[in-house]
$ cat work38.cif   # mmCIF, C-alpha atoms
data_run
loop_
_atom_site.label_atom_id
_atom_site.label_comp_id
_atom_site.auth_asym_id
_atom_site.auth_seq_id
_atom_site.Cartn_x
_atom_site.Cartn_y
_atom_site.Cartn_z
CA MET Z 1 43.60 30.52 -24.26
CA ILE Z 2 44.31 27.81 -26.79
CA ALA Z 3 45.09 25.43 -23.90
CA VAL Z 4 41.69 26.02 -22.32
CA ILE Z 5 39.97 25.56 -25.69
CA GLY Z 6 41.92 22.31 -26.16
CA LEU Z 7 40.74 21.00 -22.79
CA LEU Z 8 37.11 21.82 -23.57
CA LEU Z 9 37.47 20.30 -27.03
CA GLY Z 10 38.82 17.09 -25.52
CA VAL Z 11 35.96 16.87 -23.03
CA GLY Z 12 33.49 17.47 -25.83
CA LEU Z 13 35.10 14.81 -28.02
CA GLY Z 14 35.01 12.30 -25.15
CA LEU Z 15 31.36 13.08 -24.51
CA PHE Z 16 30.17 12.95 -28.11
CA LEU Z 17 32.34 10.27 -29.68
CA LYS Z 18 32.15 7.91 -26.70
CA PRO Z 19 35.42 6.21 -27.65
CA ASP Z 20 35.75 2.54 -26.85
CA VAL Z 21 38.70 1.64 -24.68
CA PRO Z 22 40.34 -1.69 -25.54
CA ILE Z 23 39.79 -4.26 -22.78
CA GLY Z 24 43.53 -4.65 -22.28
CA LEU Z 25 43.99 -0.93 -21.60
CA GLU Z 26 41.00 -0.47 -19.31
CA PRO Z 27 42.88 -1.00 -16.03
CA TYR Z 28 45.48 1.61 -17.04
CA LEU Z 29 43.16 4.41 -18.08
CA PRO Z 30 42.33 5.75 -14.60
CA ILE Z 31 45.99 5.69 -13.55
CA ALA Z 32 46.98 7.39 -16.79
CA VAL Z 33 44.40 10.11 -16.25
CA VAL Z 34 45.65 10.80 -12.73
CA ALA Z 35 49.29 10.83 -13.93
CA ALA Z 36 48.38 13.28 -16.69
CA LEU Z 37 46.55 15.45 -14.15
CA ASP Z 38 49.74 15.52 -12.09
CA ALA Z 39 51.72 16.63 -15.13
CA VAL Z 40 49.17 19.36 -15.88
CA PHE Z 41 49.24 20.76 -12.36
CA GLY Z 42 53.04 20.61 -12.39
CA ALA Z 43 53.01 22.53 -15.64
CA ALA Z 44 50.62 25.10 -14.23
CA ARG Z 45 52.89 25.61 -11.26
CA ALA Z 46 55.96 25.93 -13.49
CA PHE Z 47 54.08 28.42 -15.64
CA LEU Z 48 53.29 30.59 -12.66
CA ASP Z 49 56.90 30.22 -11.54
CA GLY Z 50 57.83 31.54 -14.93
CA ILE Z 51 59.84 28.46 -15.84
CA PHE Z 52 57.30 26.74 -18.08
CA ASP Z 53 58.52 25.10 -21.24
CA ASP Z 54 56.20 23.31 -23.63
CA LYS Z 55 58.81 20.67 -24.52
CA VAL Z 56 59.33 19.82 -20.89
CA PHE Z 57 55.56 19.64 -20.46
CA VAL Z 58 55.13 17.27 -23.38
CA VAL Z 59 57.89 15.00 -22.17
CA SER Z 60 56.69 15.00 -18.58
CA PHE Z 61 53.07 14.41 -19.62
CA ILE Z 62 53.90 11.41 -21.78
CA SER Z 63 56.46 9.95 -19.41
CA ASN Z 64 54.10 10.35 -16.46
CA VAL Z 65 51.38 8.43 -18.27
CA LEU Z 66 53.73 5.75 -19.54
CA ILE Z 67 55.49 5.20 -16.22
CA ALA Z 68 52.21 5.06 -14.32
CA ALA Z 69 50.84 2.51 -16.78
CA LEU Z 70 54.10 0.57 -16.63
CA ILE Z 71 54.00 0.40 -12.84
CA VAL Z 72 50.43 -0.88 -12.88
CA PHE Z 73 51.27 -3.35 -15.64
CA LEU Z 74 54.21 -4.65 -13.61
CA GLY Z 75 52.03 -4.84 -10.52
CA ASP Z 76 49.49 -6.88 -12.46
CA LYS Z 77 52.19 -9.27 -13.61
CA LEU Z 78 53.49 -9.59 -10.06
CA GLY Z 79 50.04 -10.12 -8.63
CA VAL Z 80 49.98 -6.86 -6.66
CA GLY Z 81 48.27 -4.72 -9.31
CA ALA Z 82 45.53 -3.43 -7.02
CA GLN Z 83 47.96 -2.46 -4.25
CA LEU Z 84 50.46 -0.85 -6.60
CA SER Z 85 47.83 1.20 -8.39
CA THR Z 86 46.62 2.40 -4.99
CA GLY Z 87 50.21 3.39 -4.17
CA VAL Z 88 50.63 5.25 -7.46
CA ILE Z 89 47.36 7.09 -6.92
CA VAL Z 90 48.46 8.11 -3.43
CA VAL Z 91 51.83 9.42 -4.60
CA LEU Z 92 50.30 11.31 -7.52
CA GLY Z 93 47.63 12.69 -5.23
CA ILE Z 94 50.22 14.05 -2.83
CA ARG Z 95 52.10 15.69 -5.71
CA ILE Z 96 48.93 17.22 -7.05
CA PHE Z 97 48.14 18.66 -3.64
CA ALA Z 98 51.65 20.11 -3.35
CA ASN Z 99 51.45 21.66 -6.81
CA VAL Z 100 48.02 23.09 -6.16
CA ALA Z 101 49.29 24.57 -2.93
CA ALA Z 102 52.14 26.26 -4.83
CA ILE Z 103 49.70 27.57 -7.46
CA ARG Z 104 47.47 28.89 -4.74
CA ARG Z 105 50.37 30.73 -3.14
CA HIS Z 106 51.27 32.27 -6.46
CA LEU Z 107 47.82 33.46 -7.35
CA PHE Z 108 46.43 34.48 -3.96
CA HIS Z 109 49.55 34.91 -1.91
CA ALA Z 110 48.00 32.62 0.66
CA MET R 1 57.05 11.57 -13.29
CA GLU R 2 59.02 14.75 -13.23
CA THR R 3 57.24 17.93 -12.54
CA PRO R 4 58.00 20.15 -15.47
CA ARG R 5 60.39 22.91 -14.53
CA HIS R 6 62.54 24.86 -16.78
CA GLU R 7 65.02 27.63 -16.35
CA HIS R 8 63.21 29.97 -18.60
CA GLU R 9 61.70 33.33 -17.84
CA PRO R 10 59.35 34.76 -20.43
CA ALA R 11 61.10 37.61 -22.09
CA ASP R 12 58.15 39.91 -21.67
CA SER R 13 57.77 39.42 -17.92
CA PRO R 14 55.76 42.11 -16.12
CA ASP R 15 57.09 44.84 -13.93
CA PRO R 16 59.81 43.25 -11.74
CA THR R 17 58.94 45.51 -8.83
CA ALA R 18 55.46 44.05 -8.57
CA SER R 19 54.73 41.40 -5.92
CA ALA R 20 55.09 37.70 -6.72
CA ALA R 21 51.34 37.20 -6.94
CA ASP R 22 50.97 40.07 -9.34
CA VAL R 23 53.74 38.63 -11.44
CA ALA R 24 52.02 35.25 -11.58
CA ARG R 25 48.64 36.79 -12.41
CA GLY R 26 50.29 38.90 -15.05
CA ARG R 27 51.77 35.80 -16.68
CA LEU R 28 48.38 34.13 -16.64
CA VAL R 29 46.63 37.10 -18.23
CA HIS R 30 49.38 37.46 -20.77
CA ALA R 31 49.16 33.77 -21.73
CA LEU R 32 45.39 34.02 -22.07
CA LEU R 33 45.57 37.10 -24.24
CA HIS R 34 48.62 36.20 -26.34
CA PRO R 35 48.48 32.51 -27.30
CA GLY R 36 51.74 31.24 -28.68
CA ARG R 37 53.10 28.26 -30.53
CA GLY R 38 53.76 26.31 -27.35
CA GLN R 39 50.14 26.53 -26.30
CA VAL R 40 49.06 24.44 -29.28
CA VAL R 41 51.00 21.44 -28.00
CA VAL R 42 49.64 21.99 -24.52
CA ALA R 43 46.12 22.22 -25.94
CA VAL R 44 46.54 18.91 -27.77
CA LEU R 45 47.73 17.14 -24.62
CA LEU R 46 44.97 18.72 -22.56
CA ALA R 47 42.43 17.57 -25.15
CA VAL R 48 43.77 14.04 -24.84
CA LEU R 49 43.54 14.31 -21.05
CA GLY R 50 39.98 15.64 -21.19
CA ALA R 51 38.84 12.91 -23.55
CA ALA R 52 40.50 10.22 -21.44
CA ALA R 53 39.05 11.58 -18.21
CA VAL R 54 35.55 11.80 -19.65
CA THR R 55 35.87 8.29 -21.07
CA GLN R 56 37.02 6.95 -17.73
CA VAL R 57 34.14 8.66 -15.95
CA ARG R 58 31.76 7.13 -18.47
CA LEU R 59 33.29 3.66 -18.02
CA THR R 60 33.10 3.93 -14.26
CA GLY R 61 29.52 5.10 -14.41
CA SER R 62 28.39 2.43 -16.86
CA ASP R 63 26.34 -0.43 -15.52
CA ASP R 64 28.91 -3.06 -16.45
CA ASP R 65 30.56 -3.26 -13.05
CA TYR R 66 33.00 -5.99 -13.92
CA ALA R 67 34.34 -4.75 -17.25
CA GLY R 68 37.33 -2.85 -15.85
CA LEU R 69 38.33 -5.32 -13.16
CA ARG R 70 41.56 -7.26 -13.07
CA GLN R 71 41.66 -11.01 -13.12
CA ALA R 72 42.40 -11.19 -9.41
CA ASP R 73 39.52 -8.86 -8.62
CA LEU R 74 37.22 -10.87 -10.83
CA ILE R 75 38.22 -14.08 -9.08
CA GLN R 76 37.59 -12.44 -5.74
CA ALA R 77 34.20 -11.19 -6.86
CA LEU R 78 33.36 -14.65 -8.20
CA ASN R 79 34.39 -16.24 -4.92
CA GLY R 80 32.24 -13.81 -3.00
CA LEU R 81 29.29 -14.54 -5.23
CA GLN R 82 29.80 -18.28 -4.87
CA ALA R 83 30.00 -18.00 -1.09
CA SER R 84 26.83 -15.95 -0.99
CA THR R 85 25.17 -18.45 -3.32
CA ARG R 86 26.12 -21.26 -0.95
CA ARG R 87 24.81 -19.34 2.02
CA THR R 88 21.58 -18.57 0.23
CA GLU R 89 21.15 -22.18 -0.86
CA GLN R 90 21.70 -23.27 2.72
CA ASP R 91 19.08 -20.80 3.84
CA ILE R 92 16.70 -22.13 1.22
CA ASN R 93 17.27 -25.70 2.40
CA GLU R 94 16.71 -24.81 6.03
CA LEU R 95 13.56 -22.87 5.25
CA GLU R 96 12.24 -25.68 3.09
CA ALA R 97 12.90 -28.17 5.89
CA THR R 98 11.07 -25.90 8.31
CA ARG R 99 8.19 -25.55 5.89
CA ASP R 100 8.00 -29.31 5.35
CA SER R 101 8.07 -30.05 9.05
CA LEU R 102 5.39 -27.45 9.67
CA ARG R 103 3.26 -28.88 6.90
CA ASP R 104 3.88 -32.37 8.26
CA SER R 105 2.89 -31.45 11.79
CA ASN R 106 -0.11 -29.62 10.40
CA GLU R 107 -1.27 -32.76 8.61
CA LYS R 108 -0.60 -34.84 11.68
CA THR R 109 -2.60 -32.45 13.79
CA ALA R 110 -5.47 -32.59 11.32
CA THR R 111 -5.41 -36.40 11.32
CA ALA R 112 -5.27 -36.54 15.10
CA LEU R 113 -8.14 -34.08 15.28
CA GLU R 114 -10.17 -36.18 12.87
CA GLN R 115 -9.50 -39.33 14.87
CA ALA R 116 -10.34 -37.59 18.10
CA GLN R 117 -13.57 -36.34 16.57
CA GLU R 118 -14.45 -39.85 15.45
CA GLN R 119 -13.65 -41.25 18.87
CA LEU R 120 -15.70 -38.50 20.48
CA THR R 121 -18.68 -39.52 18.37
CA THR R 122 -18.26 -43.21 19.16
CA LEU R 123 -17.81 -42.64 22.86
CA GLY R 124 -20.58 -40.06 22.93
CA ILE R 125 -23.05 -42.58 21.50
CA LEU R 126 -21.83 -45.27 23.89
CA ALA R 127 -21.95 -42.97 26.91
CA GLY R 128 -25.24 -41.43 25.93
CA THR R 129 -23.97 -37.88 25.59
CA LEU R 130 -24.91 -37.67 21.91
CA PRO R 131 -28.29 -38.21 20.31
CA ALA R 132 -28.36 -41.05 17.82
CA HIS R 133 -30.63 -42.52 15.21
CA GLY R 134 -30.48 -45.47 12.90
CA PRO R 135 -32.12 -48.77 12.05
CA GLY R 136 -33.39 -50.74 14.99
CA VAL R 137 -36.47 -51.96 16.79
CA ARG R 138 -39.07 -50.42 19.01
CA ILE R 139 -40.22 -52.83 21.71
CA THR R 140 -43.45 -52.15 23.55
CA VAL R 141 -43.98 -54.14 26.75
CA ASN R 142 -47.44 -54.19 28.26
CA VAL R 143 -47.66 -55.83 31.66
CA PRO R 144 -50.66 -55.87 33.97
CA GLU R 145 -50.50 -53.98 37.24
CA SER R 146 -47.56 -52.09 35.86
CA HIS R 147 -45.43 -54.79 37.25
CA LEU R 148 -42.43 -55.91 35.30
CA SER R 149 -39.90 -58.18 36.91
CA LEU R 150 -36.51 -56.46 37.04
CA ASN R 151 -34.76 -59.70 36.24
CA LEU R 152 -36.78 -60.10 33.10
CA LEU R 153 -36.03 -56.58 31.97
CA LEU R 154 -32.32 -56.96 32.69
CA ASP R 155 -32.28 -60.27 30.87
CA GLY R 156 -33.94 -58.63 27.90
CA ILE R 157 -31.48 -55.76 27.83
CA GLU R 158 -28.56 -58.18 28.09
CA GLU R 159 -29.96 -60.14 25.18
CA LEU R 160 -30.25 -56.93 23.18
CA ARG R 161 -26.66 -55.96 24.00
CA ASP R 162 -25.55 -59.43 23.05
CA ALA R 163 -27.27 -58.95 19.72
CA GLY R 164 -25.29 -55.79 19.10
CA ALA R 165 -27.52 -53.04 20.41
CA GLU R 166 -25.67 -49.77 20.14
CA ALA R 167 -28.01 -47.33 21.86
CA ILE R 168 -30.95 -48.10 24.13
CA GLU R 169 -33.61 -45.78 25.44
CA ILE R 170 -36.58 -46.60 27.68
CA ASN R 171 -39.85 -44.68 27.50
CA ASP R 172 -38.13 -41.87 25.57
CA SER R 173 -36.86 -40.62 28.90
CA VAL R 174 -33.96 -42.77 30.06
CA ARG R 175 -30.83 -43.61 28.11
CA VAL R 176 -29.44 -47.01 29.00
CA VAL R 177 -25.68 -46.97 29.21
CA ALA R 178 -23.00 -48.83 31.14
CA GLN R 179 -23.68 -46.95 34.38
CA THR R 180 -27.44 -47.20 34.24
CA SER R 181 -28.94 -48.58 37.45
CA PHE R 182 -32.16 -50.59 37.69
CA GLU R 183 -34.28 -50.81 40.81
CA SER R 184 -37.77 -51.97 41.49
CA ALA R 185 -40.19 -49.33 42.60
CA SER R 186 -43.80 -49.26 43.58
CA GLY R 187 -45.97 -49.42 40.49
CA GLY R 188 -43.04 -49.79 38.09
CA ILE R 189 -39.31 -49.76 37.92
CA GLU R 190 -36.75 -47.12 38.73
CA VAL R 191 -34.14 -46.62 36.07
CA ASP R 192 -31.39 -44.13 36.89
CA GLY R 193 -33.61 -42.75 39.62
CA LYS R 194 -36.55 -42.26 37.30
CA VAL R 195 -39.71 -44.20 37.95
CA LEU R 196 -41.11 -45.74 34.77
CA LYS R 197 -44.50 -47.35 34.39
CA SER R 198 -46.09 -49.72 31.94
CA PRO R 199 -46.33 -49.64 29.02
CA TYR R 200 -42.61 -49.64 28.56
CA THR R 201 -41.19 -48.61 25.26
CA ILE R 202 -37.66 -49.67 24.55
CA ASP R 203 -35.97 -48.07 21.54
CA VAL R 204 -32.93 -49.98 20.39
CA ILE R 205 -30.54 -49.08 17.59
CA GLY R 206 -28.88 -52.06 16.01
CA ASP R 207 -29.40 -54.60 13.28
CA PRO R 208 -33.18 -55.28 13.37
CA ALA R 209 -32.75 -58.74 11.87
CA THR R 210 -30.47 -59.70 14.77
CA LEU R 211 -32.27 -57.86 17.55
CA THR R 212 -35.68 -59.38 16.91
CA PRO R 213 -34.69 -63.05 17.19
CA ALA R 214 -32.62 -62.24 20.30
CA LEU R 215 -35.89 -61.52 22.09
CA LYS R 216 -38.13 -64.04 20.36
CA PHE R 217 -36.18 -67.25 20.77
CA PRO R 218 -38.02 -69.94 22.76
CA GLY R 219 -37.67 -69.28 26.47
CA GLY R 220 -36.47 -65.76 25.75
CA PHE R 221 -37.71 -62.33 26.73
CA VAL R 222 -41.00 -62.50 24.86
CA ASP R 223 -41.86 -65.91 26.27
CA ASP R 224 -40.96 -64.84 29.82
CA ILE R 225 -43.17 -61.76 29.61
CA ALA R 226 -45.97 -63.91 28.24
CA LEU R 227 -45.62 -66.12 31.30
CA ASP R 228 -46.20 -63.02 33.43
CA GLU R 229 -49.30 -62.35 31.37
CA GLY R 230 -47.71 -59.48 29.60
CA LYS R 231 -47.59 -58.61 25.93
CA VAL R 232 -44.61 -57.66 23.83
CA SER R 233 -44.73 -56.13 20.41
CA ILE R 234 -41.61 -55.64 18.39
CA LYS R 235 -41.64 -53.19 15.53
CA GLN R 236 -38.68 -53.00 13.18
CA SER R 237 -37.86 -49.60 11.71
CA ASP R 238 -35.24 -48.07 9.49
CA ASP R 239 -34.93 -44.98 11.64
CA ILE R 240 -35.23 -45.29 15.40
CA PRO R 241 -34.47 -42.01 17.16
CA VAL R 242 -32.66 -42.13 20.48
CA THR R 243 -32.71 -38.56 21.66
CA THR R 244 -32.46 -38.76 25.43
CA LEU R 245 -29.09 -37.55 26.63
CA ARG R 246 -27.17 -38.48 29.68
CA LYS R 247 -24.69 -36.23 31.43
CA ALA R 248 -21.18 -37.57 31.33
CA THR R 249 -19.75 -37.83 34.83
CA GLU R 250 -16.07 -37.65 35.38
CA PRO R 251 -14.82 -40.70 37.19
CA GLN R 252 -13.96 -39.82 40.75
CA TYR R 253 -11.91 -42.84 41.72
CA ALA R 254 -10.96 -44.56 38.51
CA GLU R 255 -7.86 -43.20 36.86
CA PRO R 256 -6.50 -44.23 33.52
CA SER R 257 -3.53 -46.57 33.76
CA GLU R 258 -0.80 -47.02 31.20
CA PRO R 259 -1.87 -49.48 28.53
CA ASP R 260 0.52 -52.39 28.13
#
$ encode --input "work38.cif" --output "structure tokens"
Amino acid sequence: MIAVIGLLLGVGLGLFLKPDVPIGLEPYLPIAVVAALDAVFGAARAFLDGIFDDKVFVVSFISNVLIAALIVFLGDKLGVGAQLSTGVIVVLGIRIFANVAAIRRHLFHA
Amino acid sequence: METPRHEHEPADSPDPTASAADVARGRLVHALLHPGRGQVVVAVLLAVLGAAAVTQVRLTGSDDDYAGLRQADLIQALNGLQASTRRTEQDINELEATRDSLRDSNEKTATALEQAQEQLTTLGILAGTLPAHGPGVRITVNVPESHLSLNLLLDGIEELRDAGAEAIEINDSVRVVAQTSFESASGGIEVDGKVLKSPYTIDVIGDPATLTPALKFPGGFVDDIALDEGKVSIKQSDDIPVTTLRKATEPQYAEPSEPD
């Protein structure tokens, strides 16, 4: 329950405060959001598996975001930023699909 | 990017005999109804995620299309814009050239039309297809027995042409042009197939001060007519009308040849 309230609170904060993103971080924000989404779906799956642990979630959330941003940053430095971010998005997308499929199996047995 | 997994079963797991789906649903319901310490951390992270996602959506939706682009993307966009600018400028140049040439040809056409109109007027007056008026003289020739020597008349007309006569009309019924024929006829003369009788009236457009002496010089037209016992009166006027028209005939044998 608290988790759902936290999500709504965050959306509300983003809507009302309209935070400014520093120019330097702008390219990394979308990747970071997708990486965090992956962590959240992974956590949801683990929760339904009964193996959820909040510490593991925190670590995976932060490391997901950091590693995704790092990959994009490296790609930018190497001149392949656009291609690498596409690759990261694809990989994260596949993982999200797999996790959602597992969640679906748990909840609906289908 | 490790999917969180942990070897940890909640102590208060539901009935183990229930199906896997029931177990999962039970965990969900339990978590919703009994929030614990761990959920606070999760809530904080989810709040961060929500805020970030909303911010990103707002950035993407904002009108500043180029704000979030990388340097390489910006360069590419700039190149594309420059290329399209070049193409557009080229289009502008071509269209302007077309417009100028059209305008040019339009002006040329107008000038040619004007010249043709002028030439039409000139030739029309010369060929007798246009009515004319202007300063000139009106010559009245009275000869007895309606007999006027053709030679005398032709001499007179030649003198008038020599003096710059531009349009000649006899008896308000015959226009004298290059093709006009003169023949003697009983009781008068036949001009262009029309029999004319005395008194003859010759309307001439030209400079009156030149035309009059051309007829009056000693031994000239007036003197010759006087020898034939005829009378000539010459009246100068500022506006002599020459209204008789002649039909233009297309040359049947003569064809234009290339001017040198």
$ atom_distance --input "work38.cif" --atom1 "CA of Leu33 (chain R)" --atom2 "CA of Asn99 (chain Z)"
24.0 Å
$ resolve_selection --input "work38.cif" --expression "the PyMOL selection byres ((chain Z) within 8 of (chain R))" --output "tab-separated table (two decimals) with C-alpha atoms, in the frame of the given file"
chain	number	residue	atom	x	y	z
Z	1	MET	CA	43.60	30.52	-24.26
Z	2	ILE	CA	44.31	27.81	-26.79
Z	3	ALA	CA	45.09	25.43	-23.90
Z	4	VAL	CA	41.69	26.02	-22.32
Z	5	ILE	CA	39.97	25.56	-25.69
Z	6	GLY	CA	41.92	22.31	-26.16
Z	7	LEU	CA	40.74	21.00	-22.79
Z	8	LEU	CA	37.11	21.82	-23.57
Z	9	LEU	CA	37.47	20.30	-27.03
Z	10	GLY	CA	38.82	17.09	-25.52
Z	11	VAL	CA	35.96	16.87	-23.03
Z	12	GLY	CA	33.49	17.47	-25.83
Z	13	LEU	CA	35.10	14.81	-28.02
Z	14	GLY	CA	35.01	12.30	-25.15
Z	15	LEU	CA	31.36	13.08	-24.51
Z	18	LYS	CA	32.15	7.91	-26.70
Z	19	PRO	CA	35.42	6.21	-27.65
Z	23	ILE	CA	39.79	-4.26	-22.78
Z	26	GLU	CA	41.00	-0.47	-19.31
Z	27	PRO	CA	42.88	-1.00	-16.03
Z	29	LEU	CA	43.16	4.41	-18.08
Z	30	PRO	CA	42.33	5.75	-14.60
Z	33	VAL	CA	44.40	10.11	-16.25
Z	35	ALA	CA	49.29	10.83	-13.93
Z	36	ALA	CA	48.38	13.28	-16.69
Z	37	LEU	CA	46.55	15.45	-14.15
Z	38	ASP	CA	49.74	15.52	-12.09
Z	39	ALA	CA	51.72	16.63	-15.13
Z	40	VAL	CA	49.17	19.36	-15.88
Z	42	GLY	CA	53.04	20.61	-12.39
Z	43	ALA	CA	53.01	22.53	-15.64
Z	46	ALA	CA	55.96	25.93	-13.49
Z	47	PHE	CA	54.08	28.42	-15.64
Z	48	LEU	CA	53.29	30.59	-12.66
Z	49	ASP	CA	56.90	30.22	-11.54
Z	50	GLY	CA	57.83	31.54	-14.93
Z	51	ILE	CA	59.84	28.46	-15.84
Z	52	PHE	CA	57.30	26.74	-18.08
Z	53	ASP	CA	58.52	25.10	-21.24
Z	54	ASP	CA	56.20	23.31	-23.63
Z	56	VAL	CA	59.33	19.82	-20.89
Z	57	PHE	CA	55.56	19.64	-20.46
Z	58	VAL	CA	55.13	17.27	-23.38
Z	60	SER	CA	56.69	15.00	-18.58
Z	61	PHE	CA	53.07	14.41	-19.62
Z	63	SER	CA	56.46	9.95	-19.41
Z	64	ASN	CA	54.10	10.35	-16.46
Z	67	ILE	CA	55.49	5.20	-16.22
Z	76	ASP	CA	49.49	-6.88	-12.46
Z	79	GLY	CA	50.04	-10.12	-8.63
Z	105	ARG	CA	50.37	30.73	-3.14
Z	106	HIS	CA	51.27	32.27	-6.46
Z	107	LEU	CA	47.82	33.46	-7.35
Z	108	PHE	CA	46.43	34.48	-3.96
Z	109	HIS	CA	49.55	34.91	-1.91
$ atom_distance --input "work38.cif" --atom1 "CA of Ile205 (chain R)" --atom2 "CA of Asp172 (chain R)"
13.2 Å
$ residues_around --input "work38.cif" --residues "Thr249 (chain R)" --least-positions-apart "4" --cutoff "12 Å" --atoms "only C-alpha atoms" --output "VMD selection string"
chain R and resid 127 to 129 179 253 to 254
$ atom_distance --input "work38.cif" --atom1 "CA of Asn171 (chain R)" --atom2 "CA of Tyr200 (chain R)"
5.8 Å
$ closest_residue --input "work38.cif" --among "R:Leu245, R:Ile75, R:Ala116, R:Val137" --to "Pro213 (chain R)" --atoms "only C-alpha atoms"
R:Val137
$ closest_residue --input "work38.cif" --among "Z:Val65, Z:Ala98, Z:Leu84, Z:Val21" --to "Phe41 (chain Z)" --atoms "all atoms listed in the file"
Z:Ala98
$ resolve_selection --input "work38.cif" --expression "the PyMOL selection byres ((chain R and resi 196) around 10)" --output "PyMOL selection string"
chain R and resi 146+170-171+173-174+184-191+193-195+197-201
$ closest_residue --input "work38.cif" --among "Z:Leu74, Z:Val88, Z:Ala44, Z:Ala68" --to "Ala101 (chain Z)" --atoms "all atoms listed in the file"
Z:Ala44
$ resolve_selection --input "work38.cif" --expression "the PyMOL selection byres ((chain R and resi 162) around 12)" --output "ChimeraX atom specification"
/R:155-161,163-166,206-207,210-215
